[in-house]
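Student: I have a structure I would like to understand better, so I am pasting it below and will then ask my questions one at a time.
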Amino acid sequence: MATPSAASSPLPSGFAYSREQFRAFVDTCLATAKSLGASDAVAEVSEGVGLSVSVRKGETENIERNRDKSISVTVYVGQRRGNASTSDFSAAALEQTVRAAHDIARFTAEDPAAGLPDEADLADPGSAARDLDLFHPWAIDAEAAIKIAQRCEAAALTVDPRITNSEGAGVSAQQSHFYAGNTRGFGAGYASSRHSLSVAPIASLPGKNGDDMQRDAWYTSMRSPDELAAPEAVGRYAAERALSRLASRKIKTCEVPVLYESALASGLLGAYVQATSGGALYRKSSFLLDSLGQRVLPEHIDVREDPHVPRGKGSAPFDDEGVATRPAQIVDAGVVGSYFLSSYSARKLGMRTTGHAGGSHNLTLTSRRTAPGDDLDAMLAKLGRGLFVIELMGQGINYVTGDYSRGAAGFWVENGKIAFPVHEVTIAGNLREMLQRIVAVGADTYAMGSKTIGSVLIERMKIAGA
């Protein structure tokens with residue numbers, strides 16, 4: 001059953017501080033900053049509590065409880081900025097923190113782009129208090145969490161005798177809340193939760209040169225514990241993935257179409273976000289400089305952002321600066337419609353903030369060519385002959401040039417059908433060209449964090465193999 005948002009109801013006993021206490025801390029810090037001569041100030045206070053457990057081969061390995069709290073204060077003296085933080089909420093510590101931020105600001109060089117967002121961009125009280133149903137605390141103790149992890153791992157280990165080992169299973173239940181305010185009248189906060197269950201089984205196959213061992217993993221993560229996948233389902237699927245990779249082979253170097261599994265395709269969308277984010281743009285460290293209004297993806301590709309999806313992993317009524325978030329068409333028919341800008345990066349670029357201080361919110365990439373029946377089998381048929389990638393390794397991405405090189409594992413596909421598993425290959429290309437060469441997007445959508453996307457077929461990439 002859904003739990004009401006903390007914006008409209010008392011916080012649960014799991015938190016040590018109430019929303020009213022947080023607001024008082026922020027008001028005190030802002031008043032202190034003004035009394036010291038600050039032209040502007042912002043303060044944010046937060047608290048998080050949680051439980052994490054892990055098991056391996058049925059035995060408990062770790063039980064961890066966390067309780068974190070912090071208050072951060074940023075002070076502006078004209079266009080000079082200083083920041084300080086503390087985990088001590090006493091009156092003396094708060095005053096000392098504000099003074100420290102003020103002293104830093106006084107001796108920092110002026111920055112013409114520094115400052116709070118314009119008042120016109122800040123979320124009004126109504127939109128700031130929007131209930132997005134993000135808070136669903138999980139009243140679970142360590143014993144119950146361990147049993148869930150054990151069920152998940154046991155389900156993986158019993159799928160097939162070739163599942164011979166496990167790197168373990170884990171359960172995490174996290175909840176937090178915050179309140180932020182500034183001297184331009186903004187003040188708001190909300191509570192949120194994030195829970196997860198994961199497992200990593202190992203499959204092995206006896207061979208002449210020792211066991212062929214393959215590991216894979218799967219997880220489920222949701223705002224509400226009621227929406228987590230069943231432990232047994234997570235365990236079975238992780239085991240099936242590991243089994244499917246047994247007897248992997250190397251392939252010869254070639255240039256062929258590449259299909260990214262939907263869970264991995266979000267990385268391509270993430271690379272696009274990185275390249276069109278304000279920080280990369282004003283530093284000129286992006287392969288998509290001056291791309292606003294330009295077609296950088298195929299005409300059949302759209303990217304939509306909706307920050308207000310109920311229970312969305314990237315949902316937020318306002319960004320990290322208190323700027324109101326709004327649904328937006330990020331890419332329309334392949335054309336860049338909007339960058340991802342904070343107030344600071346917008347000023348550096350001579351533009352206006354887009355409400356993206358802290359990142360993007362619930363992005364969905366779609367293709368106008370996608371049909372309802374374009375599941376994974378249909379996408380493999382479209383691939384025809386090439387590589388289906390289910391794992392990437394390494395961080396070989398140069399965001400300045402767009403050069404892309406990652407270790408990969410997956411399956412070789414012939415005549416639209418999986419022929420055999422593949423490992424120890426490298427896929428390479430250039431991100432600008434890769435984005436332009438997206439020929440199909442599957443209907444097999446998967447939400448990876450705040451990004452939702454189906455499997456993605458790229459027309460051609462270089463594969464470095466044996």
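To be explicit about the labels: the chains of the structure tokens are called A, B, and onward in the order shown, and within each one the residues are counted from 1, while ligands get numbers from 1 in the order they are shown.
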Sorted by chain and rising residue number, list the residues of stretch 250-334 of chain A at most 7 Å from stretch 104-123 of chain A (counting only C-alpha atoms), each with its closest atom pair and distance in Å to one decimal, as JSON lines.
Tutor:
{"residue": "A:Phe318", "atom": "CA", "partner": "A:Ala123", "partner_atom": "CA", "distance": 6.4}
{"residue": "A:Gly322", "atom": "CA", "partner": "A:Leu122", "partner_atom": "CA", "distance": 5.5}
{"residue": "A:Val323", "atom": "CA", "partner": "A:Leu122", "partner_atom": "CA", "distance": 4.2}
{"residue": "A:Ala324", "atom": "CA", "partner": "A:Ala123", "partner_atom": "CA", "distance": 4.2}
Student: What would the file look like if the residues just selected were written as a PDB file, in the first residue's frame with N, CA, C and O atoms?
Tutor:
ATOM      1  N   PHE A 318      11.675  19.874  -8.261  1.00  0.00           N
ATOM      2  CA  PHE A 318      12.635  20.958  -8.521  1.00  0.00           C
ATOM      3  C   PHE A 318      14.035  20.368  -8.525  1.00  0.00           C
ATOM      4  O   PHE A 318      14.260  19.264  -8.015  1.00  0.00           O
ATOM      5  N   GLY A 322      16.660  24.394  -6.648  1.00  0.00           N
ATOM      6  CA  GLY A 322      15.316  24.885  -6.378  1.00  0.00           C
ATOM      7  C   GLY A 322      14.603  25.380  -7.621  1.00  0.00           C
ATOM      8  O   GLY A 322      13.508  25.942  -7.533  1.00  0.00           O
ATOM      9  N   VAL A 323      15.198  25.167  -8.797  1.00  0.00           N
ATOM     10  CA  VAL A 323      14.561  25.567 -10.052  1.00  0.00           C
ATOM     11  C   VAL A 323      13.478  24.558 -10.415  1.00  0.00           C
ATOM     12  O   VAL A 323      13.685  23.344 -10.310  1.00  0.00           O
ATOM     13  N   ALA A 324      12.335  25.037 -10.825  1.00  0.00           N
ATOM     14  CA  ALA A 324      11.214  24.162 -11.175  1.00  0.00           C
ATOM     15  C   ALA A 324      11.584  23.242 -12.335  1.00  0.00           C
ATOM     16  O   ALA A 324      12.218  23.664 -13.297  1.00  0.00           O
TER      17      ALA A 324
END
Student: Using only C-alpha atoms, determine which residues lie at most 7 Å from A:Val456, disregarding the query and same-chain residues fewer than 2 positions distant; provide the list as a list in words.
Tutor: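 Here the qualifying residues turn out to be Leu259, Tyr260, Glu261, Ser262, Ala265, Ile438, Ala440, Val441, Gly442, Gly454 and Ile458 of chain A.
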Student: Please, what distance in Å, to one decimal, runs between atom CA of A:Glu47 and atom CA of A:Gly355?
Tutor: 23.5 Å
Student: Show which residues sit within 10 Å of A:Ser224, as a VMD selection string. Count only C-alpha atoms, and ignore same-chain residues fewer than 4 positions away.
Tutor: chain A and resid 1 to 3 133 to 138 173 192 to 196 228 311
Student: List as CSV every residue of stretch 331-402 of chain A that is in contact with stretch 242-252 of chain A, defined as an atom at most 12 Å from one of its atoms (using only C-alpha atoms), together with the nearest atom pair and the distance in Å rounded to one decimal, sorted by chain and then rising number.
Tutor:
residue,atom,partner,partner_atom,distance
A:Gly386,CA,A:Ile251,CA,10.8
A:Leu387,CA,A:Ile251,CA,10.0
A:Val389,CA,A:Arg245,CA,11.6
A:Ile390,CA,A:Arg245,CA,10.0
A:Glu391,CA,A:Arg245,CA,10.8
Student: Those same residues, written as a tab-separated table (two decimals), in the first residue's frame with N, CA and C atoms?
Tutor:
chain	number	residue	atom	x	y	z
A	386	GLY	N	25.76	-10.45	-36.66
A	386	GLY	CA	26.53	-9.47	-35.92
A	386	GLY	C	26.65	-9.83	-34.46
A	387	LEU	N	26.91	-8.83	-33.62
A	387	LEU	CA	27.15	-9.05	-32.20
A	387	LEU	C	26.03	-8.48	-31.35
A	389	VAL	N	25.37	-7.52	-27.61
A	389	VAL	CA	26.19	-7.21	-26.44
A	389	VAL	C	25.34	-7.18	-25.18
A	390	ILE	N	25.79	-7.93	-24.15
A	390	ILE	CA	25.06	-7.93	-22.87
A	390	ILE	C	25.95	-7.47	-21.71
A	391	GLU	N	27.24	-7.26	-21.96
A	391	GLU	CA	28.11	-6.76	-20.90
A	391	GLU	C	29.19	-5.88	-21.51
Student: Using only C-alpha atoms, which protein or nucleic acid residues come within 6 Å of A:Phe178? Drop anything in the same chain fewer than 2 positions from it, and give the result as a ChimeraX atom specification.
Tutor: /A:45-46,189-190
Student: Within stretch 320-464 of chain A, find each residue whose DSSP state, derived from the backbone, is strand (DSSP E or B), and express the selection as a ChimeraX atom specification.
Tutor: /A:323-324,328-332,335-336,340,363-367,386-393,397,403-414,417-430,438-441,446-448,451-453,456-464
Student: List as a list of chain:residue names the protein and nucleic acid residues near A:Glu64, meaning an atom at most 8 Å away when only C-alpha atoms are counted, but skip any in the same chain fewer than 2 places from it.
Tutor: A:Leu51, A:Ser52, A:Val53, A:Asn62, A:Asn66
Student: Got time to write the residues from that selection, C-alpha atoms, as an mmCIF file, in the first residue's frame?
Tutor:
data_model
loop_
_atom_site.group_PDB
_atom_site.id
_atom_site.type_symbol
_atom_site.label_atom_id
_atom_site.label_comp_id
_atom_site.auth_asym_id
_atom_site.auth_seq_id
_atom_site.Cartn_x
_atom_site.Cartn_y
_atom_site.Cartn_z
ATOM 1 C CA LEU A 51 19.834 -1.236 6.112
ATOM 2 C CA SER A 52 22.005 -3.360 3.817
ATOM 3 C CA VAL A 53 22.664 -7.097 4.114
ATOM 4 C CA ASN A 62 27.459 -8.425 6.107
ATOM 5 C CA ASN A 66 23.671 3.576 8.052
#
Student: Select, from A:Thr60, A:Thr364, A:Asn165, A:Gln294, the residue with the minimum atom-to-atom distance to A:Gly312, counting only C-alpha atoms.
Tutor: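 Ranked by minimum distance to A:Gly312, first place goes to A:Thr364.
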Student: Residues at most 12 Å from A:Glu95, counting only C-alpha atoms, excluding those fewer than 5 positions away in the same chain, as a PyMOL selection string?
Tutor: chain A and resi 25-36+71-73+84-86+88-90+100-102
Student: Any chance you can output those residues with N, CA, C and O atoms as a short mmCIF file (atom, residue, chain, number, x, y, z; two decimals), in the first residue's frame?
Tutor:
data_model
loop_
_atom_site.label_atom_id
_atom_site.label_comp_id
_atom_site.auth_asym_id
_atom_site.auth_seq_id
_atom_site.Cartn_x
_atom_site.Cartn_y
_atom_site.Cartn_z
N PHE A 25 16.66 24.83 10.97
CA PHE A 25 18.11 24.85 10.75
C PHE A 25 18.47 25.73 9.54
O PHE A 25 19.40 26.54 9.59
N VAL A 26 17.72 25.55 8.45
CA VAL A 26 17.99 26.32 7.24
C VAL A 26 17.75 27.80 7.48
O VAL A 26 18.57 28.65 7.10
N ASP A 27 16.64 28.14 8.12
CA ASP A 27 16.34 29.55 8.40
C ASP A 27 17.42 30.19 9.26
O ASP A 27 17.81 31.35 9.04
N THR A 28 17.92 29.44 10.25
CA THR A 28 18.98 29.95 11.12
C THR A 28 20.24 30.24 10.31
O THR A 28 20.87 31.30 10.48
N CYS A 29 20.61 29.33 9.44
CA CYS A 29 21.82 29.51 8.62
C CYS A 29 21.69 30.71 7.69
O CYS A 29 22.63 31.50 7.52
N LEU A 30 20.52 30.85 7.07
CA LEU A 30 20.33 31.97 6.15
C LEU A 30 20.36 33.31 6.88
O LEU A 30 20.95 34.28 6.40
N ALA A 31 19.74 33.34 8.05
CA ALA A 31 19.74 34.58 8.84
C ALA A 31 21.15 34.93 9.29
O ALA A 31 21.55 36.11 9.26
N THR A 32 21.92 33.93 9.69
CA THR A 32 23.30 34.17 10.12
C THR A 32 24.13 34.70 8.95
O THR A 32 24.93 35.63 9.10
N ALA A 33 23.94 34.11 7.78
CA ALA A 33 24.69 34.57 6.60
C ALA A 33 24.37 36.03 6.29
O ALA A 33 25.27 36.83 5.99
N LYS A 34 23.12 36.40 6.35
CA LYS A 34 22.73 37.78 6.08
C LYS A 34 23.33 38.73 7.11
O LYS A 34 23.77 39.84 6.78
N SER A 35 23.35 38.29 8.37
CA SER A 35 23.89 39.15 9.43
C SER A 35 25.39 39.39 9.26
O SER A 35 25.93 40.39 9.73
N LEU A 36 26.07 38.47 8.57
CA LEU A 36 27.50 38.61 8.32
C LEU A 36 27.79 39.46 7.10
O LEU A 36 28.96 39.75 6.79
N ILE A 71 24.53 19.19 6.80
CA ILE A 71 23.99 20.49 6.38
C ILE A 71 25.08 21.20 5.61
O ILE A 71 26.25 21.23 6.02
N SER A 72 24.71 21.69 4.44
CA SER A 72 25.65 22.39 3.56
C SER A 72 25.19 23.83 3.40
O SER A 72 24.00 24.09 3.21
N VAL A 73 26.12 24.75 3.50
CA VAL A 73 25.81 26.18 3.40
C VAL A 73 26.69 26.81 2.32
O VAL A 73 27.91 26.62 2.32
N ALA A 84 30.64 25.52 2.90
CA ALA A 84 31.11 24.71 4.02
C ALA A 84 29.99 23.79 4.46
O ALA A 84 28.81 24.07 4.20
N SER A 85 30.33 22.70 5.11
CA SER A 85 29.32 21.75 5.56
C SER A 85 29.71 21.14 6.89
O SER A 85 30.88 21.19 7.30
N THR A 86 28.71 20.56 7.56
CA THR A 86 28.95 19.91 8.85
C THR A 86 27.89 18.85 9.09
O THR A 86 26.80 18.90 8.51
N ASP A 88 27.28 18.27 12.37
CA ASP A 88 26.91 18.68 13.73
C ASP A 88 25.83 19.75 13.62
O ASP A 88 26.04 20.81 13.04
N PHE A 89 24.64 19.45 14.16
CA PHE A 89 23.52 20.35 14.03
C PHE A 89 23.34 21.28 15.23
O PHE A 89 22.31 21.94 15.36
N SER A 90 24.31 21.36 16.11
CA SER A 90 24.21 22.27 17.25
C SER A 90 24.26 23.71 16.76
O SER A 90 24.80 24.00 15.68
N ALA A 100 32.46 29.97 8.25
CA ALA A 100 33.50 29.38 7.40
C ALA A 100 33.18 29.61 5.93
O ALA A 100 34.06 29.98 5.14
N ALA A 101 31.93 29.41 5.54
CA ALA A 101 31.53 29.64 4.15
C ALA A 101 31.69 31.10 3.78
O ALA A 101 32.15 31.43 2.67
N HIS A 102 31.34 31.99 4.71
CA HIS A 102 31.47 33.43 4.45
C HIS A 102 32.93 33.83 4.30
O HIS A 102 33.28 34.61 3.40
#
Student: Do you know which residues are at most 12 Å from A:Ser315 counting only C-alpha atoms, after dropping those on the same chain fewer than 5 positions away, and could you put them as JSON, numbers by chain?
Tutor: {"A": [130, 131, 132, 133, 134, 135, 190, 191, 192, 193, 223, 305, 306, 307, 308, 309, 310, 324, 325, 326, 327, 356, 358, 359, 360, 361, 362, 363, 449, 450, 451]}
Student: Please, what distance in Å, to one decimal, runs between atom CA of A:Gln96 and atom CA of A:Thr74?
Tutor: 12.9 Å
